[in-house]
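**Student:** File name structure-v4.txt; file contents compact mmCIF, C-alpha atoms and all ligand atoms; full text below.
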# COMPACT_ATOMS: atom_id res chain seq x y z
CA MET A 27 108.88 -54.04 -185.86
CA SER A 28 111.12 -55.36 -183.14
CA GLN A 29 110.47 -58.71 -181.52
CA SER A 30 108.97 -59.15 -178.07
CA ALA A 31 111.50 -60.06 -175.35
CA ALA A 32 109.94 -63.54 -175.28
CA PRO A 33 108.43 -65.38 -178.26
CA ASN A 34 104.90 -64.28 -179.10
CA PRO A 35 103.11 -67.34 -180.47
CA LEU A 36 100.14 -65.33 -181.73
CA SER A 37 97.74 -67.50 -183.69
CA VAL A 38 95.02 -64.95 -184.39
CA VAL A 39 95.69 -62.49 -187.19
CA PHE A 40 94.83 -58.80 -186.94
CA ASP A 41 95.46 -57.80 -190.57
CA ALA A 42 93.99 -54.95 -192.61
CA ALA A 43 90.79 -56.86 -193.46
CA ARG A 44 90.16 -57.68 -189.80
CA ALA A 45 90.97 -54.13 -188.71
CA GLU A 46 88.32 -52.67 -191.02
CA VAL A 47 85.51 -54.86 -189.61
CA TYR A 48 86.71 -55.07 -185.99
CA ASP A 49 84.59 -52.20 -184.65
CA THR A 50 81.32 -53.59 -186.00
CA GLN A 51 82.05 -57.34 -185.88
CA PHE A 52 80.94 -57.81 -182.29
CA ALA A 53 78.41 -54.98 -182.05
CA ALA A 54 76.01 -57.19 -180.09
CA MET A 55 78.59 -57.38 -177.31
CA GLN A 56 78.89 -53.60 -177.00
CA PRO A 57 76.95 -53.47 -173.69
CA VAL A 58 79.53 -55.86 -172.19
CA LYS A 59 82.43 -53.72 -173.43
CA ASP A 60 80.60 -50.62 -172.16
CA ALA A 61 80.48 -52.18 -168.69
CA VAL A 62 84.23 -52.87 -168.82
CA HIS A 63 85.01 -49.31 -169.94
CA LEU A 64 82.81 -47.97 -167.12
CA LEU A 65 84.80 -50.01 -164.59
CA VAL A 66 88.09 -48.76 -166.07
CA GLN A 67 86.78 -45.19 -165.77
CA ALA A 68 85.76 -45.74 -162.15
CA HIS A 69 89.05 -47.39 -161.20
CA PHE A 70 91.21 -44.74 -162.90
CA ALA A 71 89.10 -41.76 -161.73
CA ASP A 72 91.56 -40.89 -158.92
CA LEU A 73 94.38 -40.18 -161.37
CA PRO A 74 95.64 -36.63 -161.94
CA ALA A 75 94.07 -34.42 -164.60
CA ASP A 76 97.20 -34.79 -166.76
CA ALA A 77 97.58 -38.58 -166.32
CA ARG A 78 99.43 -40.71 -168.85
CA ILE A 79 97.75 -44.01 -169.75
CA LEU A 80 99.45 -46.93 -171.47
CA MET A 81 97.15 -49.02 -173.66
CA ALA A 82 98.72 -52.39 -174.40
CA GLY A 83 97.08 -54.04 -177.39
CA ALA A 84 95.07 -50.88 -178.05
CA GLY A 85 93.67 -52.30 -181.29
CA THR A 86 91.29 -49.86 -182.97
CA GLY A 87 91.34 -47.65 -179.88
CA ALA A 88 87.99 -48.36 -178.22
CA GLU A 89 89.36 -47.77 -174.71
CA ALA A 90 91.18 -44.59 -175.79
CA ARG A 91 88.02 -43.17 -177.37
CA TYR A 92 86.02 -43.88 -174.22
CA LEU A 93 88.55 -42.33 -171.80
CA ALA A 94 89.56 -39.40 -174.06
CA ALA A 95 85.97 -38.16 -174.12
CA ARG A 96 85.77 -38.21 -170.31
CA PHE A 97 89.25 -37.02 -169.26
CA PRO A 98 90.25 -34.12 -171.54
CA GLY A 99 93.72 -33.69 -169.98
CA TRP A 100 94.85 -37.31 -170.17
CA ARG A 101 97.46 -38.50 -172.66
CA PHE A 102 97.48 -41.98 -174.17
CA THR A 103 100.23 -44.30 -175.40
CA LEU A 104 98.56 -46.76 -177.77
CA VAL A 105 100.75 -49.82 -178.40
CA ASP A 106 99.83 -52.63 -180.77
CA PRO A 107 101.93 -54.84 -183.06
CA SER A 108 99.20 -54.64 -185.72
CA ALA A 109 99.78 -51.50 -187.81
CA PRO A 110 96.36 -51.83 -189.52
CA MET A 111 94.51 -51.95 -186.16
CA LEU A 112 96.44 -48.94 -184.93
CA ALA A 113 95.77 -47.05 -188.19
CA VAL A 114 92.03 -47.37 -187.47
CA ALA A 115 92.66 -46.12 -183.92
CA ARG A 116 94.50 -43.08 -185.29
CA ARG A 117 91.65 -42.40 -187.75
CA HIS A 118 89.14 -42.38 -184.87
CA ALA A 119 91.38 -40.16 -182.72
CA GLU A 120 91.74 -37.64 -185.56
CA ALA A 121 88.00 -37.65 -186.28
CA GLU A 122 87.19 -37.19 -182.59
CA GLY A 123 89.83 -34.51 -182.04
CA PHE A 124 92.15 -36.16 -179.50
CA ALA A 125 94.97 -37.42 -181.74
CA ASP A 126 97.28 -34.71 -180.36
CA ARG A 127 97.00 -36.44 -176.95
CA CYS A 128 98.05 -39.82 -178.36
CA THR A 129 101.33 -41.53 -179.15
CA PHE A 130 100.88 -44.48 -181.51
CA ILE A 131 103.43 -47.30 -181.37
CA ALA A 132 102.96 -50.09 -183.93
CA ASP A 133 105.01 -52.64 -182.05
CA TYR A 134 105.13 -54.82 -178.94
CA VAL A 135 105.07 -53.21 -175.50
CA SER A 136 108.72 -54.24 -175.04
CA ALA A 137 109.62 -51.79 -177.82
CA ALA A 138 107.78 -48.81 -176.29
CA PRO A 139 109.92 -46.11 -174.63
CA LEU A 140 110.56 -46.64 -170.92
CA GLU A 141 108.34 -43.73 -169.88
CA ALA A 142 106.36 -43.90 -166.66
CA HIS A 143 102.58 -44.03 -166.91
CA HIS A 144 99.98 -43.62 -164.18
CA ALA A 145 97.91 -46.56 -165.40
CA ALA A 146 97.65 -49.21 -168.08
CA THR A 147 94.91 -51.13 -169.82
CA SER A 148 95.23 -54.53 -171.44
CA LEU A 149 91.81 -55.41 -172.81
CA LEU A 150 91.34 -58.72 -174.62
CA VAL A 151 95.03 -59.09 -175.46
CA SER A 152 96.96 -61.48 -173.23
CA HIS A 153 94.67 -64.46 -173.85
CA PHE A 154 96.37 -64.72 -177.27
CA LEU A 155 99.69 -65.51 -175.56
CA THR A 156 99.68 -69.27 -175.16
CA GLU A 157 103.14 -69.67 -173.58
CA ALA A 158 103.33 -68.77 -169.87
CA PRO A 159 106.79 -67.08 -170.10
CA ALA A 160 105.65 -64.87 -173.00
CA ARG A 161 102.45 -63.98 -171.16
CA GLN A 162 104.34 -63.07 -168.00
CA ALA A 163 106.86 -61.04 -170.07
CA PHE A 164 103.96 -59.09 -171.62
CA PHE A 165 102.78 -58.03 -168.14
CA ALA A 166 106.37 -57.34 -167.02
CA ASP A 167 106.81 -55.05 -170.04
CA ILE A 168 103.71 -53.15 -168.89
CA ALA A 169 104.95 -53.04 -165.28
CA THR A 170 108.29 -51.48 -166.25
CA ARG A 171 106.37 -48.64 -167.92
CA LEU A 172 104.21 -47.86 -164.86
CA ASP A 173 104.81 -45.71 -161.77
CA THR A 174 104.98 -47.65 -158.52
CA GLY A 175 101.36 -48.06 -157.44
CA GLY A 176 100.19 -47.49 -161.04
CA HIS A 177 96.90 -49.14 -161.95
CA LEU A 178 96.51 -52.10 -164.29
CA PHE A 179 93.12 -53.10 -165.68
CA ASN A 180 93.38 -56.43 -167.46
CA LEU A 181 90.55 -58.14 -169.33
CA ASP A 182 90.87 -61.57 -170.91
CA LEU A 183 88.87 -64.49 -172.16
CA CYS A 184 89.69 -66.75 -169.25
CA ALA A 185 87.95 -69.68 -167.61
CA ASP A 186 88.80 -72.75 -165.58
CA ARG A 187 88.42 -75.55 -168.10
CA GLN A 188 88.60 -78.16 -165.32
CA ALA A 189 85.67 -76.70 -163.38
CA PRO A 190 82.47 -78.73 -163.46
CA THR A 191 80.64 -75.51 -164.39
CA PHE A 192 82.88 -74.81 -167.41
CA GLY A 193 80.35 -76.19 -169.91
CA ALA A 194 77.62 -73.89 -168.62
CA THR A 195 79.89 -70.82 -168.77
CA LEU A 196 81.00 -71.68 -172.29
CA GLY A 197 77.36 -72.28 -173.26
CA VAL A 198 76.31 -68.76 -172.29
CA TRP A 199 79.31 -67.35 -174.18
CA LEU A 200 78.30 -69.29 -177.31
CA ASP A 201 74.73 -67.99 -176.85
CA LEU A 202 76.19 -64.49 -176.87
CA LEU A 203 78.14 -65.20 -180.06
CA ARG A 204 74.94 -66.52 -181.67
CA LEU A 205 73.15 -63.33 -180.67
CA GLY A 206 76.01 -61.44 -182.34
CA GLY A 207 75.43 -63.27 -185.61
CA VAL A 208 78.27 -65.80 -185.45
CA PRO A 209 77.08 -68.86 -187.42
CA GLU A 210 77.11 -72.35 -185.93
CA GLU A 211 80.33 -73.36 -187.70
CA GLY A 212 82.08 -70.26 -186.33
CA ARG A 213 80.85 -70.99 -182.83
CA ARG A 214 82.05 -74.58 -183.05
CA GLY A 215 85.44 -73.37 -184.30
CA TRP A 216 85.64 -70.90 -181.42
CA ALA A 217 84.93 -73.60 -178.84
CA ALA A 218 87.55 -75.89 -180.40
CA ALA A 219 90.20 -73.16 -180.47
CA TYR A 220 89.56 -72.02 -176.88
CA GLY A 221 92.22 -73.45 -174.56
CA ARG A 222 94.39 -74.37 -177.54
CA ASP A 223 94.97 -71.24 -179.67
CA PHE A 224 94.00 -68.76 -176.96
CA GLY A 225 92.75 -68.78 -173.37
CA VAL A 226 95.19 -71.52 -172.42
CA HIS A 227 95.69 -70.44 -168.79
CA GLY A 228 92.97 -70.59 -166.16
CA PRO A 229 92.15 -67.70 -163.78
CA SER A 230 94.47 -68.70 -160.93
CA GLN A 231 97.39 -69.33 -163.30
CA LEU A 232 96.83 -65.98 -165.01
CA GLU A 233 96.65 -64.22 -161.64
CA SER A 234 100.01 -65.81 -160.71
CA LEU A 235 101.59 -64.69 -163.99
CA ILE A 236 100.42 -61.09 -163.46
CA GLU A 237 101.68 -61.07 -159.86
CA ALA A 238 105.04 -62.59 -160.86
CA ALA A 239 105.38 -59.84 -163.49
CA GLY A 240 105.55 -57.19 -160.75
CA PHE A 241 101.98 -56.48 -159.67
CA THR A 242 99.98 -56.85 -156.46
CA PRO A 243 97.71 -59.91 -156.40
CA PRO A 244 95.08 -59.18 -159.07
CA ALA A 245 91.51 -58.62 -157.83
CA LEU A 246 88.73 -60.03 -159.98
CA VAL A 247 86.27 -57.19 -160.60
CA PHE A 248 84.32 -58.34 -163.65
CA GLN A 249 82.97 -61.44 -165.31
CA ALA A 250 80.68 -61.91 -168.29
CA ALA A 251 80.60 -65.58 -169.24
CA MET A 252 84.12 -66.26 -170.62
CA MET A 253 85.40 -62.71 -170.04
CA ARG A 254 87.14 -61.88 -166.81
CA GLY A 255 88.58 -58.55 -165.68
CA TRP A 256 91.10 -57.83 -162.92
CA VAL A 257 92.71 -54.80 -161.34
CA ALA A 258 96.21 -54.80 -159.87
CA ALA A 259 98.83 -52.22 -158.91
CA LYS A 260 102.49 -52.02 -159.90
CA ARG A 261 104.62 -52.99 -156.92
C1 LIG B 301 90.84 -58.41 -179.56
S1 LIG B 301 91.89 -57.05 -179.95
C2 LIG B 301 91.51 -55.93 -178.60
C3 LIG B 301 91.68 -54.49 -178.99
C4 LIG B 301 91.22 -53.49 -177.93
N1 LIG B 301 92.00 -53.60 -176.72
C5 LIG B 301 89.74 -53.65 -177.62
O1 LIG B 301 89.40 -53.96 -176.47
O2 LIG B 301 88.93 -53.44 -178.53
C6 LIG B 301 93.49 -57.66 -179.51
C7 LIG B 301 94.64 -56.74 -179.94
O3 LIG B 301 95.82 -57.20 -179.28
C8 LIG B 301 96.91 -57.04 -180.19
N2 LIG B 301 98.00 -57.92 -179.73
C9 LIG B 301 98.18 -59.22 -179.98
N3 LIG B 301 99.31 -59.67 -179.40
C10 LIG B 301 99.84 -58.61 -178.73
C11 LIG B 301 101.01 -58.43 -177.92
N4 LIG B 301 101.86 -59.42 -177.67
N5 LIG B 301 101.24 -57.21 -177.41
C12 LIG B 301 100.38 -56.21 -177.63
N6 LIG B 301 99.26 -56.31 -178.39
C13 LIG B 301 99.00 -57.50 -178.94
C14 LIG B 301 96.31 -57.38 -181.53
O4 LIG B 301 97.09 -56.88 -182.60
C15 LIG B 301 94.93 -56.74 -181.43
O5 LIG B 301 94.91 -55.44 -181.94
Please go through the file and, once you have read it, give me the structure as structure tokens.
Ligand SMILES: C[S@@+](CC[C@H](N)C(=O)[O-])C[C@H]1O[C@@H](n2cnc3c(N)ncnc32)[C@H](O)[C@@H]1O
**Tutor:**
Amino acid sequence: MSQSAAPNPLSVVFDAARAEVYDTQFAAMQPVKDAVHLLVQAHFADLPADARILMAGAGTGAEARYLAARFPGWRFTLVDPSAPMLAVARRHAEAEGFADRCTFIADYVSAAPLEAHHAATSLLVSHFLTEAPARQAFFADIATRLDTGGHLFNLDLCADRQAPTFGATLGVWLDLLRLGGVPEEGRRGWAAAYGRDFGVHGPSQLESLIEAAGFTPPALVFQAAMMRGWVAAKR
């Protein structure tokens, strides 16, 4: 695996053990992810029937599975530095009969071929990048693989930790984790790691990083407690 153009101080491990449980680990949150996928579908619906979609941090392929079932002519480039996560994505694509429309790249986006795509997704990925230059480089690597005007849908765990309402937002997120079966110790660990190991940048800082990477000013289109989703277009 080649290195990202900028250092990638990733503190959360996506190894084989994590990859095998990833799809069921947060099953209680599925309605939230469903809402995000629905918004991606709506935003990308104007793309041509043979559109090419870049999926940065594709993981086990949830977004590919959702879009492949709805857009039978679309092709997908699934990029993820975790080979075990991508192996699960390939398994799903083969079982669901759309693997021939996928290219799997077990690496960073910076290592993906410089092919133009009509749109890109980055769902729950960039919050792991704690250094601003690396986070901006991640979005720039996506931008250089998009057509001018190409869509970006970015979803991150992102909140303004200075806001007086931060505690209430975090509280609802922790309620959601409890509903999903995360024990108290795990929830406490999550709250301690947030803003330190991931989710370091607040919404306005993240919006600036995306714009500086070569996109139009991102528009906030989704929020569910600590999750925020934006759309932007490649300049
Ligand atoms: C929480 S998972 C999200 C997977 C999928 N997008 C989803 O919504 O289910 C985050 C994924 O981002 C990947 N990842 C972490 N750092 C990355 C980077 N710098 N570039 C691309 N992917 C990265 C991880 O390997 C992991 O598979």
**Student:** Kindly give the distance, in Å, that separates atom CA of Ile131 of chain A and atom CA of Pro159 of chain A, rounded to a single decimal.
**Tutor:**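 We find that atom CA of Ile131 of chain A and atom CA of Pro159 of chain A lie 23.0 Å from each other.
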**Student:** Return as a ChimeraX atom specification every polymer residue, whether protein, DNA or RNA, with at least one atom no more than 9 Å from an atom of ligand LIG 301 (chain B); count all atoms listed in the file.
**Tutor:** /A:30,33-36,38-41,45,48-49,59,81-89,105-112,133-136,147-155,160-161,164,181
**Student:** Which residue, A:Val226, A:Val66, A:Ala115, A:Ala185, has the smallest gap to Ala158 of chain A when you use all atoms listed in the file?
**Tutor:**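 Nearest candidate to Ala158 of chain A out of A:Val226, A:Val66, A:Ala115, A:Ala185: A:Val226.
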**Student:** Just give me the gap between atom CA of Trp216 of chain A and atom CA of Gly228 of chain A in Å, one decimal is fine.
**Tutor:**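 Interatomic distance, atom CA of Trp216 of chain A to atom CA of Gly228 of chain A: 16.9 Å.
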**Student:** Interatomic distance between atom CA of Gly176 of chain A and atom CA of Phe130 of chain A?
**Tutor:**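 Taking atom CA of Gly176 of chain A and atom CA of Phe130 of chain A, their separation equals 20.7 Å.
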**Student:** Between A:Ala218, A:Ile79, A:Leu104, A:Ala138, which is the closest to Arg116 of chain A once you count all atoms listed in the file?
**Tutor:**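 Between A:Ala218, A:Ile79, A:Leu104, A:Ala138, the residue approaching Arg116 of chain A most closely is A:Leu104.
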**Student:** Between A:Cys184, A:Ile168, A:Ala94, A:Leu200, single out the one closest to Ile236 of chain A, counting all atoms listed in the file.
**Tutor:**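 Nearest to Ile236 of chain A: A:Ile168.
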**Student:** Go through A:Pro209, A:Pro229, A:Pro243, A:Gly99 one by one, measure the shortest atom-to-atom distance of each to Ala189 of chain A using only C-alpha atoms, and give the residue with the smallest value.
**Tutor:**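 Selected residue with least distance to Ala189 of chain A: A:Pro229.
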**Student:** Taking the point (85.8, -46.7, -166.8) as given in the file, collect each protein or nucleic acid residue that comes within 12 Å of it, counting only C-alpha atoms, and present the set as a list in words.
**Tutor:**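 Those residues, ordered by chain and then number, are Lys59, Asp60, Ala61, Val62, His63, Leu64, Leu65, Val66, Gln67, Ala68, His69, Phe70, Ala71, Asp72, Ala88, Glu89, Ala90, Arg91, Tyr92, Leu93, Ala94, Ala95, Arg96, Phe97, Thr147, Phe179 and Val257 of chain A.
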**Student:** Under the rule that all atoms listed in the file are counted, which of A:Leu202, A:Ser234, A:Val114, A:Trp100 is the nearest residue to Pro74 of chain A?
**Tutor:**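 Among A:Leu202, A:Ser234, A:Val114, A:Trp100, it is A:Trp100 that comes nearest to Pro74 of chain A.
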**Student:** When you count only C-alpha atoms, which of these residues is closest to Ala217 of chain A: A:Gly240, A:Arg187, A:Leu232, A:His144?
**Tutor:**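 Smallest distance to Ala217 of chain A is found for A:Arg187.
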